[in-house]
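Visitor: mmCIF, C-alpha atoms, saved as model_28.cif, coming up:
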data_final
loop_
_atom_site.label_atom_id
_atom_site.label_comp_id
_atom_site.auth_asym_id
_atom_site.auth_seq_id
_atom_site.Cartn_x
_atom_site.Cartn_y
_atom_site.Cartn_z
CA MET A 1251 25.22 -18.23 8.32
CA ARG A 1252 24.45 -20.86 5.70
CA VAL A 1253 22.70 -19.55 2.58
CA PRO A 1254 19.86 -21.94 1.72
CA ARG A 1255 19.75 -23.58 -1.68
CA TRP A 1256 16.80 -22.92 -4.01
CA LYS A 1257 15.40 -26.42 -3.42
CA ASP A 1258 15.33 -25.78 0.32
CA ILE A 1259 13.54 -22.42 -0.09
CA THR A 1260 10.73 -23.97 -2.12
CA ARG A 1261 10.01 -26.35 0.77
CA TRP A 1262 9.76 -23.61 3.38
CA PRO A 1263 6.35 -23.03 4.97
CA ALA A 1264 4.55 -19.88 3.86
CA ALA A 1265 5.14 -18.08 7.17
CA ARG A 1266 8.91 -18.60 7.04
CA LEU A 1267 9.12 -17.60 3.39
CA SER A 1268 7.04 -14.46 3.86
CA ALA A 1269 9.13 -13.50 6.92
CA ALA A 1270 12.34 -13.91 4.90
CA VAL A 1271 10.93 -11.80 2.04
CA LEU A 1272 9.84 -9.15 4.55
CA TYR A 1273 13.30 -8.98 6.14
CA VAL A 1274 15.00 -8.73 2.74
CA LEU A 1275 12.64 -5.95 1.61
CA LEU A 1276 13.07 -4.09 4.91
CA GLY A 1277 16.85 -4.34 4.58
CA VAL A 1278 16.84 -3.06 1.00
CA ALA A 1279 14.44 -0.24 1.90
CA ALA A 1280 16.58 0.75 4.89
CA VAL A 1281 19.74 0.86 2.76
CA VAL A 1282 18.01 2.92 0.03
CA PHE A 1283 16.57 5.43 2.51
CA VAL A 1284 19.82 5.73 4.48
CA LEU A 1285 21.72 6.39 1.22
CA PHE A 1286 19.06 8.88 0.14
CA TYR A 1287 19.34 10.89 3.36
CA LEU A 1288 23.10 10.65 3.91
CA VAL A 1289 24.62 11.12 0.46
CA GLY A 1290 23.93 14.85 0.25
CA PHE A 1291 21.93 17.55 -1.42
CA SER A 1292 24.47 18.89 -3.88
CA ARG A 1293 22.71 18.21 -7.20
CA LEU A 1294 20.87 21.15 -8.76
CA SER A 1295 17.27 20.54 -9.64
CA ALA A 1296 16.60 20.13 -13.38
CA GLU A 1297 13.38 22.12 -13.14
CA ASP A 1298 14.64 25.04 -11.05
CA PRO A 1299 18.37 25.67 -10.52
CA ASN A 1300 17.61 27.60 -7.32
CA PHE A 1301 16.72 24.32 -5.59
CA THR A 1302 19.03 21.42 -4.79
CA GLU A 1303 17.92 17.84 -4.49
CA PRO A 1304 19.50 14.70 -3.05
CA ARG A 1305 21.90 12.91 -5.35
CA LEU A 1306 20.06 9.61 -5.06
CA THR A 1307 16.55 10.87 -5.78
CA SER A 1308 16.43 8.70 -8.92
CA LEU A 1309 17.41 5.60 -6.94
CA LEU A 1310 14.65 6.24 -4.41
CA LEU A 1311 12.05 6.85 -7.11
CA VAL A 1312 13.01 3.70 -9.03
CA PHE A 1313 12.91 1.68 -5.80
CA LEU A 1314 9.43 3.03 -4.97
CA TRP A 1315 8.13 2.34 -8.50
CA VAL A 1316 9.50 -1.22 -8.36
CA MET A 1317 7.86 -1.77 -4.95
CA LEU A 1318 4.56 -0.38 -6.24
CA GLY A 1319 4.73 -2.62 -9.31
CA LEU A 1320 5.51 -5.70 -7.23
CA ALA A 1321 2.69 -4.89 -4.81
CA LEU A 1322 0.20 -4.53 -7.67
CA VAL A 1323 1.35 -7.76 -9.33
CA MET A 1324 1.13 -9.64 -6.03
CA ALA A 1325 -2.34 -8.21 -5.35
CA VAL A 1326 -3.62 -9.34 -8.75
CA VAL A 1327 -2.01 -12.78 -8.39
CA SER A 1328 -3.49 -13.14 -4.90
CA VAL A 1329 -7.00 -12.21 -6.04
CA VAL A 1330 -6.86 -14.52 -9.07
CA ARG A 1331 -5.47 -17.38 -6.97
CA SER A 1332 -8.07 -16.97 -4.23
CA LEU A 1333 -10.89 -16.84 -6.77
CA ARG A 1334 -9.66 -20.01 -8.46
CA VAL A 1335 -9.06 -21.92 -5.22
CA ARG A 1336 -12.14 -21.01 -3.23
CA ASP A 1337 -15.08 -23.36 -3.08
CA LYS A 1338 -18.06 -21.83 -4.89
CA GLN A 1339 -20.66 -23.51 -2.67
CA GLN A 1340 -19.09 -22.60 0.64
CA SER A 1341 -19.47 -18.88 1.26
CA ARG A 1342 -19.72 -19.16 5.05
CA GLN A 1343 -17.09 -20.38 7.42
CA ASN A 1344 -17.78 -20.86 11.12
CA GLY A 1345 -21.05 -19.00 10.66
CA ILE A 1346 -19.31 -15.93 9.19
CA PRO A 1347 -20.40 -14.91 5.67
CA PHE A 1348 -16.86 -14.18 4.48
CA ALA A 1349 -17.81 -14.03 0.79
CA ARG A 1350 -20.37 -11.29 1.46
CA ILE A 1351 -17.89 -9.41 3.63
CA ALA A 1352 -15.20 -9.57 0.93
CA VAL A 1353 -17.57 -8.41 -1.83
CA GLY A 1354 -19.01 -5.69 0.39
CA THR A 1355 -15.56 -4.44 1.36
CA GLY A 1356 -14.37 -4.36 -2.27
CA CYS A 1357 -17.51 -2.61 -3.48
CA GLY A 1358 -17.39 -0.14 -0.57
CA LEU A 1359 -13.77 0.74 -1.37
CA ALA A 1360 -14.58 1.22 -5.07
CA VAL A 1361 -17.56 3.47 -4.24
CA CYS A 1362 -15.47 5.46 -1.75
CA LEU A 1363 -12.70 5.96 -4.32
CA LEU A 1364 -15.19 7.01 -6.99
CA LEU A 1365 -17.02 9.44 -4.70
CA THR A 1366 -13.87 11.05 -3.37
CA PHE A 1367 -12.54 11.45 -6.93
CA VAL A 1368 -15.76 13.07 -8.15
CA LEU A 1369 -16.00 15.33 -5.09
CA GLY A 1370 -12.26 16.10 -5.06
CA SER A 1371 -10.94 19.58 -5.70
CA SER A 1372 -9.22 20.51 -8.94
CA ARG A 1373 -8.40 24.04 -7.82
CA PRO A 1374 -4.81 25.01 -8.82
CA MET A 1375 -2.15 25.08 -6.09
CA LEU A 1376 1.16 26.86 -5.58
CA ILE A 1377 3.90 24.29 -4.98
CA ASN A 1378 7.47 25.56 -4.45
CA GLY A 1379 6.42 28.87 -5.96
CA LEU A 1380 5.08 27.26 -9.13
CA ARG A 1381 1.42 27.02 -10.12
CA TYR A 1382 0.24 23.42 -10.44
CA ALA A 1383 -3.04 23.14 -12.33
CA ASP A 1384 -3.31 19.59 -13.70
CA ALA A 1385 -6.92 18.85 -12.72
CA ALA A 1386 -6.72 15.07 -13.07
CA TRP A 1387 -3.70 14.71 -10.76
CA LEU A 1388 -5.11 17.20 -8.27
CA LYS A 1389 -8.37 15.24 -8.09
CA THR A 1390 -6.45 11.95 -7.86
CA ALA A 1391 -4.31 13.20 -4.97
CA ASP A 1392 -7.44 14.52 -3.26
CA MET A 1393 -9.13 11.15 -3.84
CA PHE A 1394 -6.37 9.18 -2.11
CA ILE A 1395 -6.08 11.61 0.80
CA ASN A 1396 -9.84 11.73 1.42
CA THR A 1397 -10.25 7.97 0.99
CA ALA A 1398 -7.48 7.37 3.53
CA ILE A 1399 -9.24 9.71 5.97
CA VAL A 1400 -12.60 7.99 5.41
CA LEU A 1401 -11.09 4.52 5.86
CA LEU A 1402 -9.28 5.60 9.04
CA LEU A 1403 -12.54 6.99 10.44
CA VAL A 1404 -14.38 3.78 9.54
CA ALA A 1405 -11.66 1.74 11.26
CA VAL A 1406 -11.85 3.88 14.42
CA ILE A 1407 -15.65 3.60 14.46
CA ALA A 1408 -15.44 -0.18 13.97
CA VAL A 1409 -12.98 -0.53 16.86
CA VAL A 1410 -15.13 1.62 19.17
CA CYS A 1411 -18.32 -0.28 18.25
CA SER A 1412 -16.57 -3.61 18.72
CA ASN A 1413 -15.27 -2.59 22.15
CA VAL A 1414 -18.70 -1.33 23.23
CA ARG A 1415 -20.34 -4.54 22.03
CA ASN A 1416 -17.74 -6.73 23.76
CA ALA A 1417 -18.05 -4.70 26.97
CA ARG A 1418 -21.82 -5.28 26.99
CA PHE A 1419 -21.35 -9.03 26.55
CA ARG A 1420 -18.75 -9.20 29.34
CA ARG A 1421 -21.24 -7.85 31.91
#
Transcribe the structure of this file into structure tokens.
Guide:
Amino acid sequence: MRVPRWKDITRWPAARLSAAVLYVLLGVAAVVFVLFYLVGFSRLSAEDPNFTEPRLTSLLLVFLWVMLGLALVMAVVSVVRSLRVRDKQQSRQNGIPFARIAVGTGCGLAVCLLLTFVLGSSRPMLINGLRYADAAWLKTADMFINTAIVLLLVAVIAVVCSNVRNARFRR
């Protein structure tokens, strides 16, 4: 297989480039996870010597932090780029108010995150026999779990409503 030169890669269409990046990331993730699961559990935990942990826990954590950082950077770049490129006068396309939908979705997500954080539990938990009582992290974990549940329910409701509406129009 011929490795493309940098000049050739910059001329690739977006779909081909994104597919290549996806395959590279999937390959790296697969290698990291296979190494994590197959290398063994012989290292004693630094926090509690009664527990053992995989040898490559640090590699997995660094990989996940790098992926999170790249995802956040790409999200910010994408938002900034789309705000700079979009036409200010045209907020509808094919009769669909996409600007309103985007703003509504962003505001709805922010409100959902805020509400689930405020309503989240900060009650201490026992984890591996140890008491965990950091209220901020407990509420943050609760926020993400509850927001994911709410968004999944909203998605299911949207799919059901869409199918009902389409079934009525088909008759």
Visitor: Just say which residues the PyMOL selection byres ((chain A and resi 1308) around 12) picks in this file, as a PyMOL selection string.
Guide: chain A and resi 1282-1283+1285-1286+1293+1295+1303-1307+1309-1315
Visitor: In Å, with one decimal, what is the gap from CA of Leu1363 in chain A to CA of Leu1322 in chain A?
Guide: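 CA of Leu1322 in chain A lies 17.0 Å from CA of Leu1363 in chain A.
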Visitor: For the structure shown, which residues end up in the PyMOL selection byres ((chain A and resi 1384) around 10)? Put them as a PDB file with C-alpha atoms, in the frame of the given file, please?
Guide:
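Produced file selection.pdb, reproduced below:
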ATOM      1  CA  SER A1372      -9.220  20.510  -8.940  1.00  0.00           C
ATOM      2  CA  ARG A1373      -8.400  24.040  -7.820  1.00  0.00           C
ATOM      3  CA  PRO A1374      -4.810  25.010  -8.820  1.00  0.00           C
ATOM      4  CA  MET A1375      -2.150  25.080  -6.090  1.00  0.00           C
ATOM      5  CA  ARG A1381       1.420  27.020 -10.120  1.00  0.00           C
ATOM      6  CA  TYR A1382       0.240  23.420 -10.440  1.00  0.00           C
ATOM      7  CA  ALA A1383      -3.040  23.140 -12.330  1.00  0.00           C
ATOM      8  CA  ALA A1385      -6.920  18.850 -12.720  1.00  0.00           C
ATOM      9  CA  ALA A1386      -6.720  15.070 -13.070  1.00  0.00           C
ATOM     10  CA  TRP A1387      -3.700  14.710 -10.760  1.00  0.00           C
ATOM     11  CA  LEU A1388      -5.110  17.200  -8.270  1.00  0.00           C
ATOM     12  CA  LYS A1389      -8.370  15.240  -8.090  1.00  0.00           C
TER      13      LYS A1389
END
Visitor: Given the file shown, enumerate the residues that the PyMOL selection byres ((chain A and resi 1367) around 9) captures and present them as an mmCIF file with C-alpha atoms, in the coordinates of the input.
Guide:
data_model
loop_
_atom_site.group_PDB
_atom_site.id
_atom_site.type_symbol
_atom_site.label_atom_id
_atom_site.label_comp_id
_atom_site.auth_asym_id
_atom_site.auth_seq_id
_atom_site.Cartn_x
_atom_site.Cartn_y
_atom_site.Cartn_z
ATOM 1 C CA CYS A 1362 -15.470 5.460 -1.750
ATOM 2 C CA LEU A 1363 -12.700 5.960 -4.320
ATOM 3 C CA LEU A 1364 -15.190 7.010 -6.990
ATOM 4 C CA LEU A 1365 -17.020 9.440 -4.700
ATOM 5 C CA THR A 1366 -13.870 11.050 -3.370
ATOM 6 C CA VAL A 1368 -15.760 13.070 -8.150
ATOM 7 C CA LEU A 1369 -16.000 15.330 -5.090
ATOM 8 C CA GLY A 1370 -12.260 16.100 -5.060
ATOM 9 C CA SER A 1371 -10.940 19.580 -5.700
ATOM 10 C CA LYS A 1389 -8.370 15.240 -8.090
ATOM 11 C CA THR A 1390 -6.450 11.950 -7.860
ATOM 12 C CA ALA A 1391 -4.310 13.200 -4.970
ATOM 13 C CA ASP A 1392 -7.440 14.520 -3.260
ATOM 14 C CA MET A 1393 -9.130 11.150 -3.840
ATOM 15 C CA PHE A 1394 -6.370 9.180 -2.110
ATOM 16 C CA ASN A 1396 -9.840 11.730 1.420
ATOM 17 C CA THR A 1397 -10.250 7.970 0.990
#
Visitor: Work out how far CA of Ala1269 in chain A is from CA of Val1284 in chain A, in Å to one decimal.
Guide: 22.1 Å
Visitor: If I take CA of Tyr1287 in chain A and CA of Thr1302 in chain A, how far is one from the other in Å, to one decimal?
Guide: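 For CA of Tyr1287 in chain A relative to CA of Thr1302 in chain A, the distance reads 13.3 Å.
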Visitor: Which polymer residues have any atom within 12 Å of an atom of range 1403-1413 of chain A, counting only C-alpha atoms, with same-chain residues fewer than 4 positions away left out, as a PyMOL selection string?
Guide: chain A and resi 1355+1358-1359+1362+1396-1399+1417-1420
Visitor: Nearest to Ala1279 in chain A: which of A:Phe1301, A:Val1316, A:Ala1325, A:Ala1264 is it, counting all atoms listed in the file?
Guide: A:Val1316
Visitor: Model the absent atoms of range 1380-1399 of chain A so that N, CA, C and O atoms are present, and write the result as a PDB file, in the frame of the given file.
Guide:
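Result written to part-v7.pdb:
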ATOM      1  N   LEU A1380       5.583  27.506  -7.784  1.00  0.00           N
ATOM      2  CA  LEU A1380       5.080  27.260  -9.130  1.00  0.00           C
ATOM      3  C   LEU A1380       3.603  26.890  -9.062  1.00  0.00           C
ATOM      4  O   LEU A1380       3.169  26.196  -8.147  1.00  0.00           O
ATOM      5  N   ARG A1381       2.850  27.324 -10.071  1.00  0.00           N
ATOM      6  CA  ARG A1381       1.420  27.020 -10.120  1.00  0.00           C
ATOM      7  C   ARG A1381       1.227  25.628 -10.708  1.00  0.00           C
ATOM      8  O   ARG A1381       1.714  25.337 -11.797  1.00  0.00           O
ATOM      9  N   TYR A1382       0.521  24.783  -9.978  1.00  0.00           N
ATOM     10  CA  TYR A1382       0.240  23.420 -10.440  1.00  0.00           C
ATOM     11  C   TYR A1382      -1.258  23.337 -10.703  1.00  0.00           C
ATOM     12  O   TYR A1382      -2.067  23.518  -9.798  1.00  0.00           O
ATOM     13  N   ALA A1383      -1.631  23.076 -11.968  1.00  0.00           N
ATOM     14  CA  ALA A1383      -3.040  23.140 -12.330  1.00  0.00           C
ATOM     15  C   ALA A1383      -3.542  21.919 -13.085  1.00  0.00           C
ATOM     16  O   ALA A1383      -4.586  21.976 -13.721  1.00  0.00           O
ATOM     17  N   ASP A1384      -2.848  20.792 -13.014  1.00  0.00           N
ATOM     18  CA  ASP A1384      -3.310  19.590 -13.700  1.00  0.00           C
ATOM     19  C   ASP A1384      -4.487  19.003 -12.914  1.00  0.00           C
ATOM     20  O   ASP A1384      -4.324  18.393 -11.857  1.00  0.00           O
ATOM     21  N   ALA A1385      -5.692  19.205 -13.448  1.00  0.00           N
ATOM     22  CA  ALA A1385      -6.920  18.850 -12.720  1.00  0.00           C
ATOM     23  C   ALA A1385      -7.001  17.364 -12.386  1.00  0.00           C
ATOM     24  O   ALA A1385      -7.427  16.992 -11.288  1.00  0.00           O
ATOM     25  N   ALA A1386      -6.601  16.510 -13.310  1.00  0.00           N
ATOM     26  CA  ALA A1386      -6.720  15.070 -13.070  1.00  0.00           C
ATOM     27  C   ALA A1386      -5.840  14.635 -11.900  1.00  0.00           C
ATOM     28  O   ALA A1386      -6.286  13.877 -11.030  1.00  0.00           O
ATOM     29  N   TRP A1387      -4.591  15.111 -11.851  1.00  0.00           N
ATOM     30  CA  TRP A1387      -3.700  14.710 -10.760  1.00  0.00           C
ATOM     31  C   TRP A1387      -4.107  15.359  -9.440  1.00  0.00           C
ATOM     32  O   TRP A1387      -3.935  14.759  -8.373  1.00  0.00           O
ATOM     33  N   LEU A1388      -4.624  16.563  -9.499  1.00  0.00           N
ATOM     34  CA  LEU A1388      -5.110  17.200  -8.270  1.00  0.00           C
ATOM     35  C   LEU A1388      -6.287  16.429  -7.687  1.00  0.00           C
ATOM     36  O   LEU A1388      -6.357  16.183  -6.483  1.00  0.00           O
ATOM     37  N   LYS A1389      -7.221  16.022  -8.558  1.00  0.00           N
ATOM     38  CA  LYS A1389      -8.370  15.240  -8.090  1.00  0.00           C
ATOM     39  C   LYS A1389      -7.926  13.855  -7.598  1.00  0.00           C
ATOM     40  O   LYS A1389      -8.460  13.333  -6.626  1.00  0.00           O
ATOM     41  N   THR A1390      -6.942  13.263  -8.273  1.00  0.00           N
ATOM     42  CA  THR A1390      -6.450  11.950  -7.860  1.00  0.00           C
ATOM     43  C   THR A1390      -5.784  12.023  -6.493  1.00  0.00           C
ATOM     44  O   THR A1390      -6.026  11.166  -5.631  1.00  0.00           O
ATOM     45  N   ALA A1391      -4.951  13.032  -6.281  1.00  0.00           N
ATOM     46  CA  ALA A1391      -4.310  13.200  -4.970  1.00  0.00           C
ATOM     47  C   ALA A1391      -5.364  13.427  -3.895  1.00  0.00           C
ATOM     48  O   ALA A1391      -5.301  12.837  -2.806  1.00  0.00           O
ATOM     49  N   ASP A1392      -6.341  14.264  -4.204  1.00  0.00           N
ATOM     50  CA  ASP A1392      -7.440  14.520  -3.260  1.00  0.00           C
ATOM     51  C   ASP A1392      -8.203  13.229  -2.970  1.00  0.00           C
ATOM     52  O   ASP A1392      -8.595  12.968  -1.829  1.00  0.00           O
ATOM     53  N   MET A1393      -8.415  12.411  -4.007  1.00  0.00           N
ATOM     54  CA  MET A1393      -9.130  11.150  -3.840  1.00  0.00           C
ATOM     55  C   MET A1393      -8.413  10.242  -2.845  1.00  0.00           C
ATOM     56  O   MET A1393      -9.026   9.716  -1.915  1.00  0.00           O
ATOM     57  N   PHE A1394      -7.097  10.067  -3.009  1.00  0.00           N
ATOM     58  CA  PHE A1394      -6.370   9.180  -2.110  1.00  0.00           C
ATOM     59  C   PHE A1394      -6.314   9.719  -0.689  1.00  0.00           C
ATOM     60  O   PHE A1394      -6.452   8.963   0.275  1.00  0.00           O
ATOM     61  N   ILE A1395      -6.135  11.018  -0.542  1.00  0.00           N
ATOM     62  CA  ILE A1395      -6.080  11.610   0.800  1.00  0.00           C
ATOM     63  C   ILE A1395      -7.436  11.456   1.497  1.00  0.00           C
ATOM     64  O   ILE A1395      -7.515  11.003   2.643  1.00  0.00           O
ATOM     65  N   ASN A1396      -8.511  11.816   0.807  1.00  0.00           N
ATOM     66  CA  ASN A1396      -9.840  11.730   1.420  1.00  0.00           C
ATOM     67  C   ASN A1396     -10.273  10.294   1.664  1.00  0.00           C
ATOM     68  O   ASN A1396     -10.917   9.998   2.674  1.00  0.00           O
ATOM     69  N   THR A1397      -9.923   9.377   0.767  1.00  0.00           N
ATOM     70  CA  THR A1397     -10.250   7.970   0.990  1.00  0.00           C
ATOM     71  C   THR A1397      -9.504   7.429   2.197  1.00  0.00           C
ATOM     72  O   THR A1397     -10.070   6.680   2.998  1.00  0.00           O
ATOM     73  N   ALA A1398      -8.242   7.805   2.357  1.00  0.00           N
ATOM     74  CA  ALA A1398      -7.480   7.370   3.530  1.00  0.00           C
ATOM     75  C   ALA A1398      -8.132   7.892   4.810  1.00  0.00           C
ATOM     76  O   ALA A1398      -8.249   7.158   5.803  1.00  0.00           O
ATOM     77  N   ILE A1399      -8.579   9.149   4.790  1.00  0.00           N
ATOM     78  CA  ILE A1399      -9.240   9.710   5.970  1.00  0.00           C
ATOM     79  C   ILE A1399     -10.541   8.965   6.259  1.00  0.00           C
ATOM     80  O   ILE A1399     -10.819   8.612   7.416  1.00  0.00           O
TER      81      ILE A1399
END
